[in-house]
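Data from upload32.txt: compact mmCIF, C-alpha atoms and all ligand atoms
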```txt
# COMPACT_ATOMS: atom_id res chain seq x y z
CA MET W 1 -4.02 32.52 -12.82
CA LYS W 2 -7.00 33.70 -10.79
CA LYS W 3 -9.40 30.80 -10.51
CA VAL W 4 -13.17 31.13 -10.71
CA LYS W 5 -14.57 30.32 -7.27
CA VAL W 6 -17.60 28.07 -7.50
CA ALA W 7 -20.41 26.93 -5.21
CA VAL W 8 -22.81 24.11 -6.00
CA ASN W 9 -26.21 24.31 -4.31
CA GLY W 10 -28.01 20.94 -4.39
CA TYR W 11 -25.66 17.95 -4.35
CA GLY W 12 -27.94 15.52 -6.20
CA VAL W 13 -27.78 13.80 -9.59
CA ILE W 14 -26.62 16.93 -11.41
CA GLY W 15 -24.93 18.81 -8.54
CA LYS W 16 -22.51 16.06 -7.57
CA ARG W 17 -21.38 15.70 -11.18
CA VAL W 18 -20.99 19.47 -11.59
CA ALA W 19 -18.91 19.53 -8.41
CA ASP W 20 -16.65 16.80 -9.81
CA ALA W 21 -16.31 18.57 -13.14
CA VAL W 22 -15.41 21.89 -11.48
CA ARG W 23 -12.60 20.13 -9.63
CA GLN W 24 -11.25 18.90 -12.97
CA GLN W 25 -10.96 22.41 -14.47
CA GLU W 26 -7.60 24.20 -14.16
CA ASP W 27 -9.24 27.61 -14.02
CA MET W 28 -11.87 26.81 -11.36
CA GLU W 29 -11.96 26.09 -7.67
CA LEU W 30 -14.84 24.38 -5.87
CA ILE W 31 -15.33 26.28 -2.61
CA GLY W 32 -18.17 24.15 -1.30
CA VAL W 33 -21.45 22.36 -1.83
CA ALA W 34 -24.76 22.99 -0.09
CA ASP W 35 -27.73 20.73 0.51
CA VAL W 36 -30.48 19.94 3.00
CA VAL W 37 -30.26 16.16 3.33
CA THR W 38 -28.54 14.15 6.02
CA ASP W 39 -28.19 10.74 4.39
CA TYR W 40 -25.48 8.89 2.44
CA ARG W 41 -25.67 11.30 -0.48
CA ILE W 42 -24.23 14.28 1.38
CA LYS W 43 -22.10 12.10 3.69
CA THR W 44 -20.31 10.98 0.50
CA ALA W 45 -19.34 14.60 -0.14
CA ALA W 46 -17.70 14.69 3.29
CA VAL W 47 -15.78 11.47 2.54
CA LEU W 48 -14.62 13.02 -0.75
CA GLY W 49 -13.24 15.96 1.21
CA LEU W 50 -15.68 18.65 0.03
CA ASP W 51 -16.68 21.54 2.26
CA ILE W 52 -20.37 21.18 3.05
CA PHE W 53 -22.78 24.00 3.82
CA ALA W 54 -26.37 23.92 5.08
CA ALA W 55 -28.62 25.31 2.36
CA LEU W 56 -31.30 26.37 4.82
CA SER W 57 -30.48 27.83 8.24
CA ASN W 58 -32.95 25.52 9.99
CA THR W 59 -31.30 22.44 8.45
CA ALA W 60 -27.83 23.24 9.86
CA PRO W 61 -28.51 21.80 13.34
CA VAL W 62 -30.16 18.69 11.85
CA MET W 63 -27.22 18.10 9.54
CA ARG W 64 -24.74 18.64 12.39
CA ALA W 65 -26.71 16.23 14.60
CA ALA W 66 -26.45 13.64 11.81
CA GLY W 67 -22.67 13.92 12.00
CA ILE W 68 -22.20 15.97 8.85
CA PRO W 69 -19.28 18.39 9.21
CA ILE W 70 -21.00 21.67 8.32
CA ALA W 71 -18.65 24.52 7.39
CA GLY W 72 -21.43 27.12 7.52
CA THR W 73 -24.65 28.18 5.85
CA LEU W 74 -25.30 28.76 2.15
CA GLU W 75 -25.10 32.49 2.82
CA ASP W 76 -21.57 32.01 4.21
CA LEU W 77 -20.64 30.00 1.13
CA LEU W 78 -22.01 32.61 -1.26
CA ARG W 79 -19.81 35.28 0.32
CA ASP W 80 -16.73 33.40 -0.90
CA VAL W 81 -17.66 32.60 -4.50
CA ASP W 82 -17.96 34.22 -7.93
CA VAL W 83 -20.63 31.87 -9.26
CA VAL W 84 -23.15 29.36 -7.94
CA ALA W 85 -24.57 26.42 -9.86
CA ASP W 86 -28.08 25.94 -8.51
CA CYS W 87 -28.76 22.22 -8.95
CA THR W 88 -31.76 21.99 -6.64
CA PRO W 89 -35.06 20.38 -7.70
CA LYS W 90 -37.47 22.25 -9.99
CA ASN W 91 -38.79 25.58 -8.63
CA ILE W 92 -36.39 25.72 -5.67
CA GLY W 93 -33.88 27.56 -7.86
CA ALA W 94 -36.48 30.25 -8.53
CA ALA W 95 -37.13 30.55 -4.80
CA ASN W 96 -33.37 30.96 -4.22
CA LYS W 97 -33.05 33.84 -6.67
CA PRO W 98 -33.45 36.67 -4.08
CA LEU W 99 -30.74 35.07 -1.93
CA TYR W 100 -28.32 34.98 -4.85
CA GLU W 101 -29.17 38.56 -5.78
CA ARG W 102 -28.48 39.75 -2.23
CA ALA W 103 -25.13 37.93 -2.30
CA GLY W 104 -24.25 39.51 -5.65
CA VAL W 105 -23.11 36.21 -7.21
CA LYS W 106 -23.52 34.98 -10.77
CA VAL W 107 -26.01 32.12 -11.04
CA ILE W 108 -26.51 29.13 -13.29
CA TYR W 109 -29.90 27.49 -12.99
CA GLN W 110 -30.83 24.11 -14.44
CA GLY W 111 -33.52 23.01 -16.86
CA GLY W 112 -36.21 22.48 -14.22
CA GLU W 113 -36.46 26.26 -13.95
CA SER W 114 -38.25 28.41 -16.51
CA HIS W 115 -36.63 30.45 -19.26
CA ALA W 116 -38.37 33.52 -17.80
CA LEU W 117 -36.36 33.24 -14.57
CA THR W 118 -33.19 34.43 -16.31
CA GLY W 119 -34.34 35.51 -19.78
CA HIS W 120 -31.43 33.49 -21.17
CA SER W 121 -31.18 29.76 -21.88
CA PHE W 122 -27.80 28.25 -22.58
CA VAL W 123 -26.20 25.62 -24.80
CA ALA W 124 -22.51 26.38 -25.21
CA GLN W 125 -22.11 25.71 -28.93
CA ALA W 126 -25.23 27.73 -29.81
CA ASN W 127 -25.09 30.89 -27.73
CA TYR W 128 -22.10 31.06 -25.36
CA GLU W 129 -21.20 34.58 -26.45
CA THR W 130 -24.63 36.03 -25.55
CA ALA W 131 -24.15 34.80 -21.96
CA VAL W 132 -20.77 36.48 -21.44
CA GLY W 133 -20.94 38.83 -18.46
CA ARG W 134 -24.62 38.15 -17.70
CA THR W 135 -25.77 37.79 -14.09
CA SER W 136 -27.50 34.48 -14.72
CA THR W 137 -28.48 31.88 -17.26
CA ARG W 138 -30.36 28.60 -17.39
CA VAL W 139 -28.67 25.49 -18.76
CA VAL W 140 -31.53 23.81 -20.61
CA SER W 141 -32.66 20.27 -19.78
CA CYS W 142 -30.89 17.12 -20.92
CA ASN W 143 -33.21 16.45 -23.86
CA THR W 144 -33.23 20.07 -24.98
CA THR W 145 -29.42 20.19 -24.80
CA SER W 146 -29.22 17.20 -27.14
CA ILE W 147 -31.70 18.74 -29.57
CA VAL W 148 -29.81 22.02 -29.77
CA ARG W 149 -26.48 20.20 -30.20
CA THR W 150 -27.67 17.95 -33.02
CA LEU W 151 -29.98 20.30 -34.89
CA GLY W 152 -27.43 23.07 -34.37
CA ALA W 153 -24.84 20.88 -36.09
CA LEU W 154 -27.08 20.38 -39.14
CA LYS W 155 -28.02 24.05 -39.19
CA LYS W 156 -24.38 25.14 -39.08
CA ASP W 157 -23.73 23.16 -42.25
CA GLY W 158 -26.80 24.65 -43.94
CA LEU W 159 -28.62 21.31 -43.95
CA LEU W 160 -31.50 21.83 -41.55
CA LYS W 161 -34.99 22.66 -42.78
CA ARG W 162 -37.23 21.13 -40.11
CA ALA W 163 -37.05 18.34 -37.58
CA ARG W 164 -39.56 16.08 -35.88
CA GLY W 165 -38.47 13.86 -32.99
CA THR W 166 -39.86 11.26 -30.62
CA LEU W 167 -38.36 11.08 -27.14
CA ILE W 168 -38.53 7.90 -25.08
CA ARG W 169 -37.82 9.12 -21.59
CA ARG W 170 -36.56 7.20 -18.57
CA ALA W 171 -39.00 6.71 -15.70
CA SER W 172 -36.72 7.87 -12.89
CA ASP W 173 -33.03 8.23 -12.10
CA PRO W 174 -31.32 5.06 -10.83
CA TRP W 175 -30.69 6.39 -7.30
CA GLU W 176 -34.43 6.87 -6.70
CA ALA W 177 -35.67 3.75 -8.47
CA HIS W 178 -36.96 2.34 -5.16
CA LEU W 179 -39.08 5.47 -4.61
CA ASP W 180 -40.42 6.50 -7.95
CA GLY W 181 -40.98 5.27 -11.47
CA ILE W 182 -43.38 3.26 -13.56
CA MET W 183 -43.38 -0.47 -14.34
CA ASN W 184 -44.55 -2.45 -17.30
CA THR W 185 -46.10 0.42 -19.22
CA VAL W 186 -45.35 3.39 -21.47
CA ILE W 187 -47.01 6.74 -20.84
CA PRO W 188 -47.50 9.18 -23.70
CA GLU W 189 -47.18 12.81 -22.69
CA LYS W 190 -50.52 14.60 -22.52
CA THR W 191 -49.67 17.30 -25.03
CA ILE W 192 -48.02 17.50 -28.43
CA PRO W 193 -45.59 19.10 -28.88
CA SER W 194 -43.87 18.05 -25.68
CA HIS W 195 -42.05 20.95 -24.03
CA GLN W 196 -38.56 20.08 -25.34
CA GLY W 197 -39.12 21.37 -28.90
CA PRO W 198 -40.37 24.80 -27.77
CA ASP W 199 -37.64 24.82 -25.12
CA ALA W 200 -34.96 24.37 -27.80
CA ARG W 201 -36.27 27.56 -29.37
CA THR W 202 -35.48 29.50 -26.18
CA VAL W 203 -31.85 28.91 -27.23
CA ASP W 204 -32.27 29.12 -31.01
CA PRO W 205 -35.60 30.70 -32.03
CA GLU W 206 -35.00 29.73 -35.68
CA LEU W 207 -35.31 25.99 -35.13
CA ASP W 208 -38.36 24.42 -36.79
CA VAL W 209 -38.76 21.51 -34.40
CA VAL W 210 -41.61 19.44 -32.99
CA THR W 211 -41.18 16.81 -30.28
CA ILE W 212 -43.44 14.03 -29.02
CA ALA W 213 -42.47 12.39 -25.73
CA VAL W 214 -43.33 9.17 -23.95
CA LYS W 215 -42.16 7.88 -20.58
CA ALA W 216 -41.03 4.25 -20.39
CA ALA W 217 -40.31 1.84 -17.55
CA HIS W 218 -36.51 2.03 -17.40
CA THR W 219 -33.98 4.16 -15.54
CA SER W 220 -31.04 4.13 -17.95
CA SER W 221 -31.32 7.45 -19.85
CA HIS W 222 -33.37 8.70 -22.80
CA LEU W 223 -33.58 7.59 -26.44
CA HIS W 224 -34.47 9.94 -29.30
CA THR W 225 -35.55 9.06 -32.83
CA TRP W 226 -35.56 11.86 -35.43
CA TRP W 227 -36.90 12.60 -38.87
CA VAL W 228 -35.24 15.65 -40.40
CA GLU W 229 -36.11 17.39 -43.62
CA LEU W 230 -32.89 18.76 -45.10
CA THR W 231 -32.59 21.91 -47.15
CA ARG W 232 -31.41 19.79 -50.12
CA SER W 233 -30.58 16.26 -51.12
CA ALA W 234 -27.50 15.12 -49.27
CA SER W 235 -25.44 12.00 -48.73
CA LYS W 236 -25.13 10.09 -45.48
CA GLU W 237 -21.47 11.18 -45.37
CA GLU W 238 -22.46 14.85 -45.50
CA VAL W 239 -24.89 14.47 -42.61
CA LEU W 240 -22.34 12.51 -40.60
CA ALA W 241 -19.70 15.14 -41.35
CA ALA W 242 -21.97 17.83 -39.92
CA PHE W 243 -22.38 15.85 -36.70
CA ARG W 244 -18.67 15.03 -36.62
CA ALA W 245 -17.68 18.68 -36.90
CA ALA W 246 -19.86 19.72 -33.95
CA PRO W 247 -18.77 19.38 -30.34
CA ARG W 248 -20.21 16.87 -27.90
CA ILE W 249 -21.76 14.44 -30.37
CA ALA W 250 -20.03 11.05 -30.39
CA PHE W 251 -20.60 7.97 -32.51
CA ILE W 252 -21.63 4.52 -31.42
CA ARG W 253 -22.36 1.54 -33.67
CA MET W 254 -24.72 -1.42 -33.62
CA ASN W 255 -21.91 -3.27 -35.42
CA ASP W 256 -19.79 -2.94 -32.27
CA GLY W 257 -22.55 -4.59 -30.24
CA VAL W 258 -23.68 -1.26 -28.82
CA ALA W 259 -27.27 -2.35 -29.21
CA ALA W 260 -29.19 -0.41 -26.59
CA LEU W 261 -29.05 2.17 -23.81
CA ASN W 262 -27.51 -0.25 -21.34
CA SER W 263 -24.65 -1.09 -23.75
CA THR W 264 -23.41 2.48 -23.73
CA ILE W 265 -23.60 2.74 -19.98
CA GLU W 266 -21.52 -0.45 -19.70
CA LEU W 267 -19.08 0.94 -22.27
CA MET W 268 -18.61 4.21 -20.37
CA SER W 269 -17.85 2.29 -17.16
CA ASP W 270 -15.44 0.00 -18.99
CA LEU W 271 -13.63 3.05 -20.37
CA GLY W 272 -13.11 4.15 -16.79
CA ARG W 273 -15.50 7.06 -16.68
CA ARG W 274 -16.55 8.03 -13.19
CA ARG W 275 -20.16 6.96 -12.58
CA GLY W 276 -20.24 5.62 -16.16
CA ASP W 277 -21.02 9.14 -17.32
CA LEU W 278 -21.71 9.96 -20.96
CA TRP W 279 -21.58 13.72 -21.56
CA GLU W 280 -21.81 13.43 -25.33
CA VAL W 281 -24.93 12.82 -27.41
CA ALA W 282 -24.30 9.18 -28.43
CA LEU W 283 -25.49 8.85 -32.03
CA TRP W 284 -25.78 5.49 -33.78
CA GLU W 285 -23.63 6.00 -36.88
CA ASP W 286 -24.73 2.83 -38.64
CA VAL W 287 -28.44 3.47 -37.99
CA LEU W 288 -28.38 6.95 -39.50
CA THR W 289 -30.11 6.86 -42.89
CA VAL W 290 -30.37 9.56 -45.52
CA LYS W 291 -32.77 9.38 -48.45
CA GLY W 292 -32.76 12.38 -50.77
CA ASN W 293 -33.52 15.38 -48.59
CA GLU W 294 -34.58 13.38 -45.53
CA ALA W 295 -32.38 12.14 -42.69
CA TYR W 296 -33.40 9.66 -39.99
CA TYR W 297 -31.36 8.93 -36.90
CA THR W 298 -31.40 7.64 -33.33
CA TYR W 299 -29.36 8.75 -30.35
CA GLN W 300 -28.97 8.35 -26.61
CA VAL W 301 -29.18 11.16 -24.07
CA PHE W 302 -27.50 10.21 -20.81
CA ASN W 303 -29.64 12.60 -18.80
CA GLN W 304 -27.58 12.45 -15.62
CA ALA W 305 -24.45 13.94 -17.20
CA ILE W 306 -25.12 15.66 -20.55
CA VAL W 307 -25.72 19.10 -19.01
CA VAL W 308 -22.53 19.03 -16.92
CA PRO W 309 -20.12 20.39 -19.59
CA GLU W 310 -22.65 23.09 -20.49
CA THR W 311 -22.82 24.12 -16.83
CA ILE W 312 -19.02 24.43 -16.72
CA ASP W 313 -19.01 26.57 -19.87
CA ALA W 314 -21.80 28.73 -18.45
CA MET W 315 -19.54 29.48 -15.46
CA ARG W 316 -16.80 30.80 -17.77
CA ALA W 317 -19.33 32.81 -19.77
CA LEU W 318 -21.05 34.50 -16.83
CA THR W 319 -17.79 35.33 -15.05
CA GLY W 320 -16.25 36.50 -18.33
CA VAL W 321 -12.98 34.59 -17.81
CA GLU W 322 -13.34 33.26 -21.34
CA GLN W 323 -14.98 35.35 -24.04
CA GLN W 324 -15.04 32.69 -26.76
CA GLY W 325 -17.35 29.73 -26.58
CA GLN W 326 -15.14 27.53 -28.67
CA ARG W 327 -12.19 28.00 -26.33
CA SER W 328 -14.27 27.25 -23.24
CA ILE W 329 -15.72 24.14 -24.88
CA GLN W 330 -12.20 22.98 -25.67
CA LYS W 331 -11.00 23.51 -22.08
CA THR W 332 -14.01 21.73 -20.60
CA ASP W 333 -13.87 18.83 -23.01
CA GLN W 334 -10.14 18.33 -22.59
CA ALA W 335 -10.45 18.34 -18.80
CA LEU W 336 -13.33 15.85 -18.82
CA GLY W 337 -11.84 13.60 -21.51
CA MET W 338 -14.67 14.05 -23.99
CA MET W 339 -14.53 11.85 -27.11
CA LYS W 340 -15.82 11.72 -30.69
CA GLU W 341 -15.27 7.98 -30.99
CA PHE W 342 -15.33 5.55 -28.11
CA LEU W 343 -13.86 2.51 -29.78
CA LYS W 344 -11.52 3.74 -32.48
CA SER W 345 -8.73 5.52 -30.66
CA LYS W 346 -6.97 5.56 -27.33
CA GLU W 347 -6.76 9.36 -27.40
CA PRO W 348 -9.78 11.62 -27.02
CA LEU W 349 -10.49 13.21 -30.42
CA LEU W 350 -11.70 16.74 -29.97
CA THR W 351 -13.14 18.83 -32.74
CA ALA W 352 -14.17 21.97 -30.90
N1 LIG W 401 -31.78 14.27 -13.30
C1 LIG W 401 -31.71 14.62 -14.55
O1 LIG W 401 -31.70 13.79 -15.46
C2 LIG W 401 -31.60 16.06 -14.95
C3 LIG W 401 -31.06 16.34 -16.22
C4 LIG W 401 -30.91 17.67 -16.61
C5 LIG W 401 -31.35 18.69 -15.77
N2 LIG W 401 -31.91 18.36 -14.55
C6 LIG W 401 -32.32 19.48 -13.72
O2 LIG W 401 -31.33 19.68 -12.71
C7 LIG W 401 -31.96 20.15 -11.50
C8 LIG W 401 -31.61 19.19 -10.39
O3 LIG W 401 -32.12 17.91 -10.71
P1 LIG W 401 -31.51 16.59 -10.07
O4 LIG W 401 -32.02 15.47 -10.91
O5 LIG W 401 -30.08 16.74 -9.84
O6 LIG W 401 -32.28 16.54 -8.69
P2 LIG W 401 -31.93 15.64 -7.40
O7 LIG W 401 -33.19 15.47 -6.67
O8 LIG W 401 -31.13 14.46 -7.79
O9 LIG W 401 -30.94 16.60 -6.60
C9 LIG W 401 -31.37 17.79 -6.00
C10 LIG W 401 -30.57 18.01 -4.74
O10 LIG W 401 -30.99 19.24 -4.17
C11 LIG W 401 -31.18 19.05 -2.78
N3 LIG W 401 -32.14 20.05 -2.27
C12 LIG W 401 -33.48 19.95 -2.10
N4 LIG W 401 -33.96 21.10 -1.62
C13 LIG W 401 -32.92 21.94 -1.48
C14 LIG W 401 -32.78 23.28 -1.03
N5 LIG W 401 -33.81 24.02 -0.62
N6 LIG W 401 -31.54 23.83 -1.03
C15 LIG W 401 -30.46 23.12 -1.44
N7 LIG W 401 -30.53 21.84 -1.86
C16 LIG W 401 -31.75 21.27 -1.90
C17 LIG W 401 -31.67 17.62 -2.66
O11 LIG W 401 -31.47 17.12 -1.35
C18 LIG W 401 -30.80 16.92 -3.70
O12 LIG W 401 -29.59 16.48 -3.16
C19 LIG W 401 -33.45 20.28 -11.83
O13 LIG W 401 -33.69 21.57 -12.31
C20 LIG W 401 -33.62 19.29 -12.96
O14 LIG W 401 -34.74 19.58 -13.78
C21 LIG W 401 -32.00 17.09 -14.12
```
Write out the structure in this file as structure tokens.
Amino acid sequence: MKKVKVAVNGYGVIGKRVADAVRQQEDMELIGVADVVTDYRIKTAAVLGLDIFAALSNTAPVMRAAGIPIAGTLEDLLRDVDVVADCTPKNIGAANKPLYERAGVKVIYQGGESHALTGHSFVAQANYETAVGRTSTRVVSCNTTSIVRTLGALKKDGLLKRARGTLIRRASDPWEAHLDGIMNTVIPEKTIPSHQGPDARTVDPELDVVTIAVKAAHTSSHLHTWWVELTRSASKEEVLAAFRAAPRIAFIRMNDGVAALNSTIELMSDLGRRRGDLWEVALWEDVLTVKGNEAYYTYQVFNQAIVVPETIDAMRALTGVEQQGQRSIQKTDQALGMMKEFLKSKEPLLTA
């Protein structure tokens, strides 16, 4: 089997997880990672045995001087790959676009970039097929991914009329908690709707969704609370069944002592997941309430990992090695060990 050759540019929170996930896929090969830093973050990649490339030509000597074994420049790396996952900070991806075009590689950008950069925004379960063979796509942000997954699940079962959600966002990622972040306050976003609702419509223009966001003083992922008007009166079981049938939504329960964002992170580590990653939307099954044609629910978005499986699927879509979204989702989820239930079974239960 010819493997898809992959580069990851930007070995940060998202990039290092994408690199790991690529190495877990049977049909992919990680050729190398590129970055500009010289500290422990990229030195870890060397310890893990990855080939490291200097993303900017003027950083190569600095990285070499810092003892990082540089295999070449990003341009060298791009010559050897079919697809690059650009996981650099916001706006740097856009600046890299001409370089990728010159190299003739397929590109996956992340949610910090605009929809206009590629004209296509990606969530595997919603629009995989429209990305097949394209030159580039943008995997939407963590929050937007969760919105499309959950509302998409209700829509698929004919239950979704409109949805209104509040997003309680983390202040910063854990690795940069000493540099950035807020303390002892909550900051409402300046505009309503916050950008995530409109962003979800770049994937599915039919969604009637409004989001309000606030930033809180913690680092451990995001929490969403939702009010959804259904197309008809439904039972709690029907709403749960819609979520259960969709990929990448998993159930947690207050009754199991999973009481807050930190509980799930502990649980993922205890289950042996690398970095304690949670790729699924973790939805509190016993909090979900349905009254007539209204559903209310709460879920966790582990922002550091949720977009990783989508990025893997986007690689198969752009390179055309897999034409069907459902089959790619299955491959990705099997390789990562994705689950529907964390505490009910020893075996991963896949529905895709
Ligand atoms: N952190 C999250 O929760 C999260 C979730 C979903 C999507 N995203 C998106 O993913 C992208 C990456 O975010 P992140 O959180 O991983 O950022 P990060 O800061 O953790 O990592 C970015 C990496 O890119 C490197 N870098 C900086 N300039 C570079 C350049 N010119 N060339 C190559 N590498 C360069 C940095 O050194 C760093 O290692 C952004 O678009 C972001 O919006 C982030």
Do you know which residues are at most 7 Å from Asn303 in chain W counting all atoms listed in the file, after dropping those on the same chain fewer than 4 positions away, and could you put them as a PyMOL selection string?
-> chain W and resi 142+221-222
Counting all atoms listed in the file, what are the residues of chain W within 7 Å of ligand LIG 401 (chain W), and for each of them which pair of atoms is the nearest and at what distance in Å, to one decimal? Sort the table by chain and rising number, as a Markdown table.
```
| residue | atom | partner | partner_atom | distance |
| --- | --- | --- | --- | --- |
| W:Asn9 | CA | W:LIG401 | C15 | 5.3 |
| W:Gly10 | CA | W:LIG401 | O10 | 3.4 |
| W:Tyr11 | CA | W:LIG401 | O12 | 4.4 |
| W:Gly12 | CA | W:LIG401 | O9 | 3.2 |
| W:Val13 | CA | W:LIG401 | O5 | 3.7 |
| W:Ile14 | CA | W:LIG401 | O5 | 3.8 |
| W:Gly15 | CA | W:LIG401 | O5 | 5.7 |
| W:Ala34 | CA | W:LIG401 | C15 | 5.9 |
| W:Asp35 | CA | W:LIG401 | N7 | 3.8 |
| W:Val36 | CA | W:LIG401 | N7 | 5.2 |
| W:Val37 | CA | W:LIG401 | O11 | 4.9 |
| W:Ala55 | CA | W:LIG401 | N6 | 4.7 |
| W:Leu56 | CA | W:LIG401 | N6 | 6.4 |
| W:Cys87 | CA | W:LIG401 | C8 | 4.4 |
| W:Thr88 | CA | W:LIG401 | O10 | 3.8 |
| W:Pro89 | CA | W:LIG401 | C19 | 4.4 |
| W:Lys90 | CA | W:LIG401 | O13 | 4.5 |
| W:Ile92 | CA | W:LIG401 | N5 | 5.9 |
| W:Gln110 | CA | W:LIG401 | O13 | 4.4 |
| W:Gly111 | CA | W:LIG401 | O14 | 4.8 |
| W:Gly112 | CA | W:LIG401 | O14 | 3.3 |
| W:Glu113 | CA | W:LIG401 | O13 | 5.7 |
| W:Ser141 | CA | W:LIG401 | C4 | 4.5 |
| W:Cys142 | CA | W:LIG401 | C4 | 4.3 |
| W:Asp173 | CA | W:LIG401 | N1 | 6.3 |
| W:Asn303 | CA | W:LIG401 | O1 | 4.1 |
| W:Gln304 | CA | W:LIG401 | O1 | 4.3 |
| W:Val307 | CA | W:LIG401 | C4 | 5.9 |
```
Rank nothing, just name the residue among W:Ala7, W:Val210, W:Glu310, W:Trp279 nearest to Met338 in chain W, using all atoms listed in the file.
-> W:Trp279
Within 10 Å of Arg274 in chain W, counting all atoms listed in the file, which residues show up once you throw out same-chain ones fewer than 4 positions away? Write them as a PDB file with C-alpha atoms, in the coordinates of the input, please.
```pdb
ATOM      1  CA  ARG W  17     -21.380  15.700 -11.180  1.00  0.00           C
ATOM      2  CA  ASP W  20     -16.650  16.800  -9.810  1.00  0.00           C
ATOM      3  CA  MET W 268     -18.610   4.210 -20.370  1.00  0.00           C
ATOM      4  CA  SER W 269     -17.850   2.290 -17.160  1.00  0.00           C
ATOM      5  CA  ASP W 270     -15.440   0.000 -18.990  1.00  0.00           C
ATOM      6  CA  LEU W 278     -21.710   9.960 -20.960  1.00  0.00           C
TER       7      LEU W 278
END
```
With a distance cut-off of 12 Å and all atoms listed in the file, select the neighbouring residues of Asn293 in chain W, excluding the residue or stretch itself and same-chain residues fewer than 3 positions from it, and output the selection as a ChimeraX atom specification.
-> /W:159-163,227-236,238-239,289-290,296
Could you name the residues that touch Ser194 in chain W at 12 Å or less, counting all atoms listed in the file, but leaving out those on the same chain fewer than 5 positions away, as a PyMOL selection string?
-> chain W and resi 143-144+164-169+188-189+199-200+209-215
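Between CA of Lys16 in chain W and CA of Ile52 in chain W the separation is 12.0 Å.
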Of W:Val148, W:Ala282, W:Leu343, W:Val107, the one sitting nearest Glu206 in chain W when using only C-alpha atoms is W:Val148
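Relative to CA of Phe53 in chain W, CA of Ala94 in chain W is found at 19.5 Å.
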Residues of range 215-282 of chain W within 10 Å of range 320-334 of chain W: nearest atom pair and distance (Å, one decimal) for each, counting all atoms listed in the file, sorted by chain and number, as a Markdown table?
```
| residue | atom | partner | partner_atom | distance |
| --- | --- | --- | --- | --- |
| W:Pro247 | CA | W:Ile329 | CA | 7.9 |
| W:Arg248 | CA | W:Asp333 | CA | 8.2 |
| W:Trp279 | CA | W:Asp333 | CA | 9.4 |
| W:Glu280 | CA | W:Asp333 | CA | 9.9 |
```
Please produce a file of those selected residues containing C-alpha atoms, as a compact mmCIF listing (two decimals), in the frame of the given file.
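The new file result_18.txt reads:
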```txt
# COMPACT_ATOMS: atom_id res chain seq x y z
CA PRO W 247 -18.77 19.38 -30.34
CA ARG W 248 -20.21 16.87 -27.90
CA TRP W 279 -21.58 13.72 -21.56
CA GLU W 280 -21.81 13.43 -25.33
```
Given 5 Å of margin on each side, can you work out the centre and size in Å (one decimal) of an axis-aligned box holding every listed atom of range 169-174 of chain W, as AutoDock Vina command-line options?
```
--center_x -35.2 --center_y 7.1 --center_z -16.2 --size_x 17.7 --size_y 14.1 --size_z 20.8
```
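A distance cut-off of 9 Å around (-28.1, 32.7, -7.2), counting all atoms listed in the file, selects these protein and nucleic acid residues: Leu78, Val83, Val84, Ala85, Asp86, Gly93, Ala94, Asn96, Lys97, Pro98, Leu99, Tyr100, Glu101, Arg102, Ala103, Gly104, Val105, Lys106, Val107, Ile108, Tyr109, Thr135 and Ser136 of chain W.
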